[in-house]
>>> print(open('protein-v7.cif').read())   # mmCIF, C-alpha atoms
data_target
loop_
_atom_site.label_atom_id
_atom_site.label_comp_id
_atom_site.auth_asym_id
_atom_site.auth_seq_id
_atom_site.Cartn_x
_atom_site.Cartn_y
_atom_site.Cartn_z
CA MET A 158 -13.07 1.17 6.22
CA SER A 159 -14.93 -0.93 3.66
CA ILE A 160 -18.56 -0.85 2.67
CA LEU A 161 -19.86 -4.16 1.39
CA THR A 162 -22.84 -3.95 -0.88
CA TYR A 163 -23.73 -7.53 -1.55
CA HIS A 164 -22.14 -10.90 -2.17
CA PHE A 165 -22.23 -13.33 -4.97
CA ARG A 166 -25.12 -15.75 -4.47
CA ASN A 167 -23.60 -18.62 -6.39
CA HIS A 168 -20.27 -19.54 -4.88
CA SER A 169 -19.32 -21.96 -7.62
CA HIS A 170 -17.81 -20.59 -10.76
CA LYS A 171 -20.19 -17.90 -11.78
CA SER A 172 -21.12 -17.85 -15.44
CA PRO A 173 -19.95 -14.57 -16.88
CA SER A 174 -23.01 -14.44 -19.10
CA SER A 175 -25.54 -14.07 -16.28
CA ASP A 176 -26.57 -10.57 -15.40
CA PRO A 177 -25.66 -9.54 -11.91
CA PRO A 178 -28.50 -8.38 -9.73
CA GLN A 179 -28.94 -4.66 -9.66
CA PRO A 180 -27.43 -3.13 -6.55
CA ARG A 181 -29.38 -1.00 -4.15
CA PRO A 182 -27.95 2.50 -4.01
CA THR A 183 -26.26 3.27 -0.73
CA PRO A 184 -27.73 6.28 1.06
CA SER A 185 -24.72 8.53 0.81
CA ARG A 186 -23.62 7.54 -2.65
CA GLU A 187 -25.25 7.88 -6.01
CA LEU A 188 -24.90 4.77 -8.11
CA THR A 189 -25.10 5.37 -11.80
CA ALA A 190 -25.85 2.47 -14.07
CA THR A 191 -26.58 2.60 -17.73
CA GLY A 192 -28.49 0.00 -19.64
CA SER A 193 -30.07 -3.17 -18.49
CA GLU A 194 -29.54 -5.13 -21.69
CA PRO A 195 -26.98 -7.91 -21.33
CA ASP A 196 -24.97 -6.71 -24.29
CA VAL A 197 -24.69 -3.13 -23.07
CA PRO A 198 -21.78 -2.50 -20.78
CA LEU A 199 -22.98 -1.83 -17.29
CA GLU A 200 -21.20 1.26 -16.10
CA VAL A 201 -20.54 1.10 -12.40
CA ARG A 202 -19.47 4.44 -11.16
CA LEU A 203 -20.00 5.55 -7.64
CA LEU A 204 -19.98 9.28 -7.23
CA SER A 205 -18.57 10.82 -4.13
CA MET A 206 -18.65 14.55 -3.76
CA GLU A 207 -19.37 14.67 -7.52
CA LYS A 208 -16.01 13.14 -8.31
CA PRO A 209 -15.90 9.69 -9.82
CA LEU A 210 -14.23 7.01 -7.76
CA THR A 211 -11.34 4.97 -9.04
CA VAL A 212 -12.61 1.52 -9.96
CA LEU A 213 -10.54 -1.63 -9.61
CA ARG A 214 -12.03 -4.32 -11.77
CA VAL A 215 -10.78 -7.51 -10.20
CA SER A 216 -11.13 -10.90 -11.84
CA LEU A 217 -10.52 -13.92 -9.65
CA HIS A 218 -9.94 -17.55 -10.49
CA HIS A 219 -9.08 -20.69 -8.61
CA PRO A 220 -8.38 -23.87 -10.58
CA THR A 221 -10.24 -26.17 -8.20
CA PRO A 222 -13.97 -26.00 -8.86
CA GLY A 223 -16.50 -26.10 -6.08
CA LEU A 224 -14.26 -24.57 -3.45
CA ALA A 225 -15.74 -21.95 -1.18
CA THR A 226 -12.67 -19.80 -1.72
CA PHE A 227 -14.68 -16.89 -2.97
CA ALA A 228 -17.70 -17.32 -0.73
CA ASN A 229 -17.14 -13.99 0.99
CA VAL A 230 -16.23 -12.00 -2.07
CA PRO A 231 -18.75 -9.23 -2.66
CA GLN A 232 -19.67 -8.04 -6.09
CA ARG A 233 -18.67 -4.51 -5.15
CA LEU A 234 -16.60 -3.21 -2.34
CA GLN A 235 -16.02 0.45 -1.59
CA HIS A 236 -13.01 1.25 0.50
CA ASP A 237 -11.37 4.36 1.87
CA THR A 238 -7.75 5.32 1.25
CA SER A 239 -6.28 2.96 3.82
CA PRO A 240 -4.64 -0.24 2.55
CA LEU A 241 -7.11 -2.89 1.47
CA LEU A 242 -6.17 -6.19 3.09
CA VAL A 243 -6.58 -9.47 1.24
CA GLY A 244 -6.34 -12.71 3.13
CA ARG A 245 -7.98 -15.41 5.16
CA GLY A 246 -8.26 -13.54 8.43
CA PRO A 247 -11.29 -11.82 9.93
CA ASP A 248 -9.80 -8.37 9.53
CA ALA A 249 -9.20 -8.84 5.81
CA HIS A 250 -11.32 -6.52 3.71
CA LEU A 251 -11.34 -9.10 0.94
CA ARG A 252 -11.66 -12.43 2.64
CA LEU A 253 -10.68 -15.53 0.72
CA GLU A 254 -11.44 -18.91 2.23
CA LEU A 255 -8.31 -20.90 1.53
CA PRO A 256 -6.56 -22.77 4.34
CA HIS A 257 -3.00 -22.14 3.19
CA LEU A 258 -3.61 -18.48 2.54
CA SER A 259 -2.18 -16.20 5.18
CA ARG A 260 -4.53 -14.23 7.37
CA ARG A 261 -3.03 -11.11 5.89
CA HIS A 262 -1.68 -12.19 2.54
CA LEU A 263 -1.31 -8.97 0.64
CA SER A 264 -2.50 -5.39 0.64
CA LEU A 265 -3.50 -2.88 -1.99
CA GLU A 266 -2.58 0.58 -0.86
CA PRO A 267 -3.77 3.68 -2.69
CA TYR A 268 -1.54 6.70 -2.86
CA LEU A 269 -0.84 9.66 -5.06
CA GLU A 270 2.29 10.10 -7.10
CA LYS A 271 3.85 13.51 -6.69
CA GLY A 272 2.02 15.81 -9.08
CA GLY A 273 -0.49 13.11 -9.95
CA THR A 274 -4.25 13.40 -9.74
CA LEU A 275 -5.30 9.76 -10.00
CA LEU A 276 -4.79 7.14 -7.34
CA THR A 277 -1.95 4.70 -7.82
CA PHE A 278 -1.97 1.35 -6.07
CA ASN A 279 0.83 -0.46 -4.34
CA LEU A 280 0.65 -4.19 -3.86
CA LYS A 281 2.55 -5.39 -0.84
CA ALA A 282 3.23 -8.98 0.14
CA LEU A 283 2.28 -9.60 3.75
CA SER A 284 2.65 -13.37 3.91
CA ARG A 285 5.70 -14.67 5.73
CA LYS A 286 5.30 -18.14 4.26
CA SER A 287 4.44 -17.68 0.62
CA CYS A 288 5.25 -15.32 -2.19
CA VAL A 289 3.06 -13.21 -4.39
CA TRP A 290 3.69 -13.10 -8.11
CA VAL A 291 2.92 -9.76 -9.75
CA ASN A 292 3.48 -9.07 -13.44
CA GLY A 293 6.51 -11.32 -13.54
CA LEU A 294 7.94 -10.25 -10.20
CA THR A 295 8.01 -12.47 -7.16
CA LEU A 296 7.35 -10.57 -3.98
CA ARG A 297 8.42 -11.89 -0.65
CA PHE A 298 7.33 -10.68 2.77
CA LEU A 299 7.15 -6.86 2.90
CA GLU A 300 8.23 -6.38 -0.69
CA GLN A 301 5.97 -4.21 -2.76
CA VAL A 302 5.39 -3.03 -6.27
CA PRO A 303 3.11 -0.41 -7.84
CA LEU A 304 0.36 -1.88 -9.99
CA SER A 305 0.15 -1.04 -13.65
CA THR A 306 -3.14 -0.34 -15.40
CA ILE A 307 -3.66 -4.07 -15.83
CA SER A 308 -1.82 -6.33 -13.42
CA ARG A 309 -1.66 -10.08 -13.13
CA VAL A 310 -1.27 -11.46 -9.67
CA ALA A 311 -0.94 -15.02 -8.48
CA PHE A 312 -0.78 -16.28 -4.91
CA SER A 313 -1.53 -19.60 -3.26
CA GLY A 314 -3.15 -20.96 -6.38
CA ILE A 315 -5.38 -17.94 -6.83
CA GLN A 316 -5.14 -15.91 -9.99
CA MET A 317 -6.16 -12.32 -9.92
CA VAL A 318 -6.21 -9.71 -12.64
CA VAL A 319 -6.65 -6.11 -11.61
CA HIS A 320 -7.68 -3.45 -14.07
CA ILE A 321 -7.51 0.10 -12.76
CA GLU A 322 -9.91 2.68 -14.11
CA GLY A 323 -8.86 6.00 -12.67
CA GLY A 324 -11.27 8.38 -11.04
CA THR A 325 -10.49 11.76 -9.55
CA SER A 326 -11.95 11.19 -6.11
CA LEU A 327 -9.37 10.91 -3.35
CA GLU A 328 -11.91 9.87 -0.72
CA ALA A 329 -12.29 6.24 -1.64
CA PHE A 330 -12.11 3.69 -4.38
CA VAL A 331 -14.31 0.80 -5.36
CA CYS A 332 -13.52 -2.79 -6.30
CA CYS A 333 -15.76 -4.68 -8.68
CA PHE A 334 -15.18 -8.40 -8.50
CA HIS A 335 -15.77 -11.02 -11.13
CA LEU A 336 -15.26 -14.74 -10.67
CA SER A 337 -13.75 -16.33 -13.72
CA PRO A 338 -14.40 -20.00 -14.41
CA SER A 339 -11.36 -20.21 -16.65
CA PRO A 340 -7.72 -19.40 -15.93
CA LEU A 341 -6.68 -15.82 -16.16
CA ILE A 342 -2.96 -16.41 -16.37
CA ASP A 343 -1.49 -18.86 -18.84
CA ARG A 344 0.55 -21.68 -17.34
CA PRO A 345 3.74 -23.05 -18.86
CA GLN A 346 3.68 -26.61 -20.18
CA ALA A 347 7.12 -27.48 -18.81
CA GLU A 348 8.42 -26.30 -15.47
CA GLU A 349 11.85 -25.15 -16.53
CA THR A 350 13.23 -22.47 -14.31
CA ASP A 351 15.69 -21.27 -16.92
CA GLU A 352 12.76 -20.15 -19.05
CA TRP A 353 12.51 -17.09 -16.86
CA GLU A 354 15.98 -15.77 -17.57
CA GLY A 355 15.74 -12.64 -19.64
CA VAL A 356 11.97 -12.49 -19.40
CA PRO A 357 11.15 -8.81 -19.46
CA GLN A 358 9.64 -7.59 -16.26
CA GLU A 359 7.31 -5.26 -18.07
CA ARG A 360 4.38 -6.86 -19.81
CA PRO A 361 4.91 -7.53 -23.54
CA PRO A 362 3.03 -5.47 -26.09
CA PRO A 363 -0.29 -7.02 -26.99
CA ALA A 364 -0.49 -9.01 -30.18
CA PRO A 365 -3.31 -7.75 -32.38
CA GLY A 366 -6.29 -10.03 -32.41
CA GLN A 367 -4.82 -12.43 -29.89
CA GLN A 368 -7.39 -13.59 -27.39
CA ALA A 369 -6.25 -14.60 -23.96
CA PRO A 370 -7.55 -17.87 -22.49
CA GLY A 371 -10.03 -17.01 -19.81
CA HIS A 372 -11.09 -13.65 -21.10
CA LEU A 373 -11.57 -10.85 -18.68
CA GLY A 374 -15.31 -10.73 -18.50
CA PHE A 375 -16.43 -8.00 -16.19
CA LEU A 376 -19.81 -7.28 -14.82
CA HIS A 377 -21.12 -6.32 -18.20
CA GLY A 378 -20.92 -9.89 -19.38
CA PRO A 379 -18.80 -12.06 -21.64
CA GLY A 380 -16.65 -10.98 -24.49
CA PRO A 381 -13.27 -9.38 -24.66
CA SER A 382 -12.59 -6.77 -22.07
CA GLN A 383 -13.37 -3.31 -23.26
CA PRO A 384 -10.24 -1.24 -23.41
CA SER A 385 -10.18 2.11 -21.77
CA PRO A 386 -10.06 4.98 -24.22
CA GLY A 387 -6.61 5.50 -25.56
CA ARG A 388 -5.31 2.17 -24.30
CA ALA A 389 -4.74 -1.03 -26.24
CA THR A 390 -6.44 -4.18 -25.11
CA GLU A 391 -4.15 -6.38 -23.09
CA THR A 392 -4.39 -9.78 -24.68
CA GLN A 393 -1.02 -11.39 -24.05
CA LEU A 394 -0.64 -12.90 -20.66
CA GLN A 395 2.51 -13.63 -18.81
CA ARG A 396 3.05 -17.14 -17.64
CA GLU A 397 2.88 -17.91 -13.97
CA PRO A 398 6.25 -19.25 -12.96
CA PRO A 399 6.56 -22.75 -11.53
CA ASP A 400 6.70 -23.05 -7.77
CA SER A 401 10.48 -23.36 -7.73
CA ALA A 402 10.81 -20.12 -9.67
CA LEU A 403 8.52 -18.41 -7.17
CA ARG A 404 11.05 -19.15 -4.47
CA GLN A 405 14.16 -18.33 -6.49
CA PRO A 406 13.58 -15.68 -9.12
CA LEU A 407 16.21 -15.59 -11.80
CA TRP A 408 15.70 -12.02 -12.91
CA SER A 409 17.21 -8.93 -11.34
CA PRO A 410 15.09 -6.73 -9.13
CA ARG A 411 13.59 -3.75 -10.84
CA ALA A 412 15.90 -0.83 -10.27
CA SER A 413 13.05 1.59 -10.97
CA LEU A 414 11.31 0.47 -7.79
CA ASP A 415 13.92 2.11 -5.53
CA MET B 893 21.32 -26.60 31.25
CA SER B 894 21.31 -22.85 31.36
CA GLY B 895 18.24 -21.16 29.84
CA PHE B 896 20.45 -18.41 28.54
CA GLU B 897 22.70 -20.82 26.68
CA ASP B 898 19.86 -22.80 25.12
CA ALA B 899 17.66 -19.90 24.16
CA ASP B 900 17.16 -18.97 20.53
CA THR B 901 19.52 -16.37 19.21
CA GLU B 902 17.94 -12.96 19.50
CA GLU B 903 17.70 -10.81 16.46
CA THR B 904 18.39 -7.16 16.60
CA VAL B 905 15.38 -5.03 15.84
CA THR B 906 15.09 -2.05 13.52
CA CYS B 907 14.43 1.02 15.62
CA LEU B 908 13.12 4.40 14.60
CA GLN B 909 14.37 7.11 16.91
CA MET B 910 11.99 10.07 16.79
CA THR B 911 13.02 13.27 18.50
CA VAL B 912 10.14 15.69 18.56
CA TYR B 913 9.85 19.38 19.27
CA HIS B 914 6.97 21.82 19.45
CA PRO B 915 7.25 25.36 20.84
CA GLY B 916 4.18 24.83 23.01
CA TYR B 917 5.17 21.45 24.40
CA GLN B 918 5.10 22.58 28.01
CA ARG B 919 1.96 24.67 28.05
CA SER B 920 -0.62 22.72 26.08
CA GLY B 921 0.05 19.08 26.93
CA ILE B 922 0.18 18.11 23.31
CA PHE B 923 2.56 15.26 24.02
CA GLN B 924 0.78 13.89 27.06
CA SER B 925 -0.17 10.73 25.20
CA ILE B 926 3.39 10.00 24.12
CA ARG B 927 5.48 7.70 26.26
CA PHE B 928 8.90 9.19 25.84
CA PHE B 929 12.00 7.00 26.04
CA ASN B 930 9.86 3.89 25.77
CA ARG B 931 10.81 1.54 22.95
CA GLU B 932 7.51 0.29 21.62
CA LYS B 933 7.58 -2.93 19.68
CA LEU B 934 5.37 -3.12 16.62
CA SER B 935 4.67 -5.73 14.00
CA SER B 936 6.60 -5.12 10.79
CA SER B 937 3.40 -5.24 8.73
CA GLU B 938 1.79 -2.52 10.82
CA VAL B 939 0.95 0.87 9.32
CA VAL B 940 1.78 3.31 12.10
CA LYS B 941 -0.38 6.41 12.12
CA PHE B 942 0.31 9.72 13.81
CA GLY B 943 -2.40 12.27 14.45
CA ARG B 944 -5.11 13.53 16.76
CA ASN B 945 -7.54 10.62 16.62
CA SER B 946 -6.70 8.12 19.33
CA ASN B 947 -9.00 5.51 17.80
CA THR B 948 -7.00 5.24 14.62
CA CYS B 949 -3.53 6.54 15.50
CA HIS B 950 -0.76 4.78 17.37
CA TYR B 951 0.70 8.08 18.45
CA THR B 952 -1.59 10.98 19.20
CA PHE B 953 -1.05 14.65 19.73
CA GLN B 954 -3.49 16.60 21.89
CA ASP B 955 -3.71 19.49 19.48
CA LYS B 956 -6.72 20.53 17.45
CA GLN B 957 -4.42 21.87 14.79
CA VAL B 958 -3.21 18.36 14.11
CA SER B 959 -5.21 16.40 11.57
CA ARG B 960 -7.08 13.34 12.78
CA VAL B 961 -4.53 11.32 10.86
CA GLN B 962 -1.53 13.50 10.04
CA PHE B 963 0.91 11.04 8.55
CA SER B 964 1.76 7.37 8.54
CA LEU B 965 4.88 5.26 8.53
CA GLN B 966 5.21 1.72 7.33
CA LEU B 967 7.96 -0.75 6.75
CA PHE B 968 8.82 -2.38 3.51
CA LYS B 969 11.70 -4.32 2.11
CA LYS B 970 13.49 -3.19 -1.01
CA PHE B 971 14.26 -5.82 -3.58
CA GLY B 972 17.61 -7.40 -2.95
CA SER B 973 18.01 -5.76 0.43
CA SER B 974 18.23 -7.53 3.74
CA VAL B 975 17.30 -4.50 5.82
CA LEU B 976 13.94 -2.89 6.30
CA SER B 977 13.12 0.54 4.96
CA PHE B 978 10.46 3.01 5.99
CA GLU B 979 7.94 4.87 3.94
CA ILE B 980 6.27 8.06 5.13
CA LYS B 981 2.93 9.16 3.75
CA ASN B 982 1.05 12.41 4.26
CA MET B 983 -2.51 11.65 5.36
CA SER B 984 -3.57 15.25 5.90
CA LYS B 985 -5.64 17.09 3.34
CA ARG B 986 -5.01 20.39 5.08
CA THR B 987 -1.29 20.42 5.79
CA ASN B 988 1.63 19.42 3.66
CA LEU B 989 4.34 17.29 5.18
CA ILE B 990 7.92 18.40 4.70
CA VAL B 991 10.59 15.71 4.72
CA ASP B 992 13.96 17.42 4.61
CA ASN B 993 13.38 19.66 1.60
CA LYS B 994 10.65 17.63 -0.03
CA GLU B 995 7.04 18.59 0.36
CA LEU B 996 4.42 15.86 0.40
CA GLY B 997 0.81 16.62 -0.38
CA TYR B 998 -2.17 14.51 0.56
CA LEU B 999 -1.49 10.80 -0.05
CA ASN B 1000 2.00 11.51 -1.37
CA LYS B 1001 4.62 9.23 0.07
CA MET B 1002 8.35 8.72 -0.09
CA ASP B 1003 11.08 6.55 1.31
CA LEU B 1004 12.29 7.81 4.64
CA PRO B 1005 16.00 8.61 4.60
CA TYR B 1006 18.17 7.12 7.33
CA LYS B 1007 18.17 10.48 9.06
CA CYS B 1008 15.78 13.25 8.21
CA MET B 1009 13.75 16.15 9.49
CA VAL B 1010 10.00 15.87 9.18
CA ARG B 1011 7.87 18.96 9.70
CA PHE B 1012 4.26 19.98 9.66
CA GLY B 1013 2.80 23.04 11.34
CA ASP B 1014 5.01 23.89 14.31
CA TYR B 1015 6.01 20.27 14.78
CA GLN B 1016 9.54 19.13 14.11
CA PHE B 1017 10.61 15.50 14.11
CA LEU B 1018 14.17 14.37 13.78
CA ILE B 1019 13.92 10.77 12.69
CA GLU B 1020 16.83 8.35 12.63
CA LYS B 1021 16.71 4.67 11.72
CA GLU B 1022 18.82 2.06 13.43
CA ASP B 1023 19.00 -1.08 11.30
CA GLY B 1024 18.15 -4.45 12.75
CA GLU B 1025 17.97 -8.05 11.61
CA SER B 1026 14.41 -8.92 12.51
CA LEU B 1027 11.78 -8.91 9.78
CA GLU B 1028 9.01 -9.56 12.27
CA PHE B 1029 9.14 -6.51 14.48
CA PHE B 1030 10.49 -3.02 14.72
CA GLU B 1031 10.56 -0.43 17.44
CA ILE B 1032 9.81 3.24 17.79
CA GLN B 1033 11.26 5.38 20.51
CA PHE B 1034 10.23 8.96 21.13
CA THR B 1035 12.49 11.56 22.67
CA LEU B 1036 11.39 15.05 23.61
CA SER B 1037 13.54 17.98 22.59
CA THR B 1038 13.16 21.18 24.56
CA THR B 1039 14.94 23.23 21.91
CA PRO B 1040 14.06 23.63 18.23
CA LEU B 1041 15.50 20.85 16.15
CA LEU B 1042 16.11 23.04 13.16
CA GLN B 1043 18.87 24.76 15.04
CA GLU B 1044 20.71 21.45 15.19
CA ASN B 1045 22.00 21.98 11.71
CA ASN B 1046 25.09 19.81 11.67
CA TRP B 1047 23.36 17.19 9.54
CA LEU B 1048 22.47 19.41 6.57
CA PRO B 1049 24.80 19.09 3.59
CA GLU B 1050 25.65 22.61 2.52
CA PRO B 1051 25.07 26.23 3.42
CA ILE B 1052 21.93 28.06 2.39
CA PRO B 1053 22.95 31.67 1.68
CA GLU B 1054 19.41 33.04 1.52
CA CYS B 1055 18.35 31.78 4.91
CA GLY B 1056 21.74 31.50 6.54
CA GLY B 1057 22.64 29.52 9.57
CA TYR B 1058 23.18 26.10 8.02
CA SER B 1059 26.47 24.33 7.69
CA SER B 1060 27.28 21.29 5.65
CA SER B 1061 28.39 18.04 7.15
CA SER B 1062 26.12 15.44 5.67
CA THR B 1063 25.28 13.96 2.32
CA GLN B 1064 21.61 13.46 3.06
CA ASN B 1065 20.54 16.05 0.51
CA ASN B 1066 21.98 19.07 -1.22
CA SER B 1067 18.98 21.29 -1.73
CA PRO B 1068 18.09 24.23 0.45
CA ILE B 1069 15.26 24.01 2.91
CA GLU B 1070 12.90 26.91 2.50
CA MET B 1071 11.42 28.24 5.68
CA GLY B 1072 8.30 30.19 6.25
CA GLU B 1073 6.63 29.21 2.98
CA ASN B 1074 3.95 27.08 4.51
CA GLU B 1075 1.13 28.28 6.65
CA TRP B 1076 1.93 27.02 10.16
#
>>> encode(input="protein-v7.cif", output="structure tokens")
Amino acid sequence: MSILTYHFRNHSHKSPSSDPPQPRPTPSRELTATGSEPDVPLEVRLLSMEKPLTVLRVSLHHPTPGLATFANVPQRLQHDTSPLLVGRGPDAHLRLELPHLSRRHLSLEPYLEKGGTLLTFNLKALSRKSCVWVNGLTLRFLEQVPLSTISRVAFSGIQMVVHIEGGTSLEAFVCCFHLSPSPLIDRPQAEETDEWEGVPQERPPPAPGQQAPGHLGFLHGPGPSQPSPGRATETQLQREPPDSALRQPLWSPRASLD
Amino acid sequence: MSGFEDADTEETVTCLQMTVYHPGYQRSGIFQSIRFFNREKLSSSEVVKFGRNSNTCHYTFQDKQVSRVQFSLQLFKKFGSSVLSFEIKNMSKRTNLIVDNKELGYLNKMDLPYKCMVRFGDYQFLIEKEDGESLEFFEIQFTLSTTPLLQENNWLPEPIPECGGYSSSSTQNNSPIEMGENEW
């Protein structure tokens, strides 16, 4: 079950520098927000049963401007522990208006690792016709992969970066969406499939001071994404493979996924 | 032209055979919602839920001791594999789910072995997967057992001296199953 709070008003590429409107607190949830100044990070934490919810900060980008792809994307979306469906169809929790997107294109499923206390998320490809690229892996229908703290996802021309901020609540989680006017995932200049041989499936270590094109500006405004305590800022981006590589990956499946 | 000869080649379908037992199966009508021996066809992207709530669960048990959603099963495909695999996930906050000798807490999940025993409360499920070719659909078939499934011990790998009564004939797992630890 999803609870939509409100949608983006401007469906074109939203400037990351504009302040989002303040949300109205939902009756059964306490919304805590600190600071109204544009340069102060806006903390969005929904409390449920006095336990903070896990927050998925999701940045979205589509290269074609003016499309209504993200017309139905809310600024915040709270969801229970059932899989969150992303697609074109009416039963998708995150509805994206793109004709060649499948009605159910992918899902984000929360679960708990054995002995773990924070929700982990599994991304599963649900499209029979197209693949989903996740952190260097190409997922076909029914294939799935657990998301890392920061994950880069590409599907049907859409780029999505998901940053997980763990909370201890097991009742629900919340997605905070940001529309990026600039690409989130770097594209290769030449479409050479043999470039992907030997590419490590894990993301490379971040280069100090390197700024990614299309910075991850979250609801608190522009500027480099604020790293979570104890974690380095992810600044190096993996390249989205060319379409031919999406159909025929050249790297071996990750043995650790079994 | 014969319709049979021109028809598309049928694909075999992955089937999950679920044999279920509960000591009160006759008295309390807990399985009255289950259509035994019926192979139900489901979409491969479906998350199949089992529990007490008929609004959210595919298979319901008329038993207040069963959680509204007790556990779920869903298909996935392993990388490099042509067959479908199942994942089982405990959806109950109150009761742990035991899969063979592994205990799953709330929201824990694991790959379902080809043949395994799943338990919660007094319920016992012997689940066996039959592989199929189709990626679009799978089937579930329920069978009712009138005798406890745990006594059918010819699929456990090795003897368990502390509890006794088990013999080894399978390589499914080699750890003892502890009985009586959980609150039933």
>>> atom_distance(input="protein-v7.cif", atom1="atom CA of A:Glu254", atom2="atom CA of A:Asn279")
23.1 Å
>>> resolve_selection(input="protein-v7.cif", expression="the PyMOL selection byres ((chain A) within 6 of (chain B))", output="PyMOL selection string")
chain A and resi 268-271+299-300+410
>>> resolve_selection(input="protein-v7.cif", expression="the PyMOL selection byres ((chain B and resi 1024) around 8)", output="number ranges by chain")
B: 903-907, 975-976, 1022-1023, 1025-1026
>>> residues_around(input="protein-v7.cif", residues="A:Val302", least_positions_apart="3", cutoff="8 Å", atoms="all atoms listed in the file", output="ChimeraX atom specification")
/A:279-281,291,414
>>> atom_distance(input="protein-v7.cif", atom1="atom CA of B:Lys941", atom2="atom CA of A:Val212")
25.7 Å
>>> resolve_selection(input="protein-v7.cif", expression="the PyMOL selection byres ((chain A and resi 261) around 9)", output="number ranges by chain")
A: 242-246, 248-249, 258-260, 262-264, 282-284
>>> atom_distance(input="protein-v7.cif", atom1="atom CA of B:Gly1013", atom2="atom CA of B:Gln957")
8.1 Å
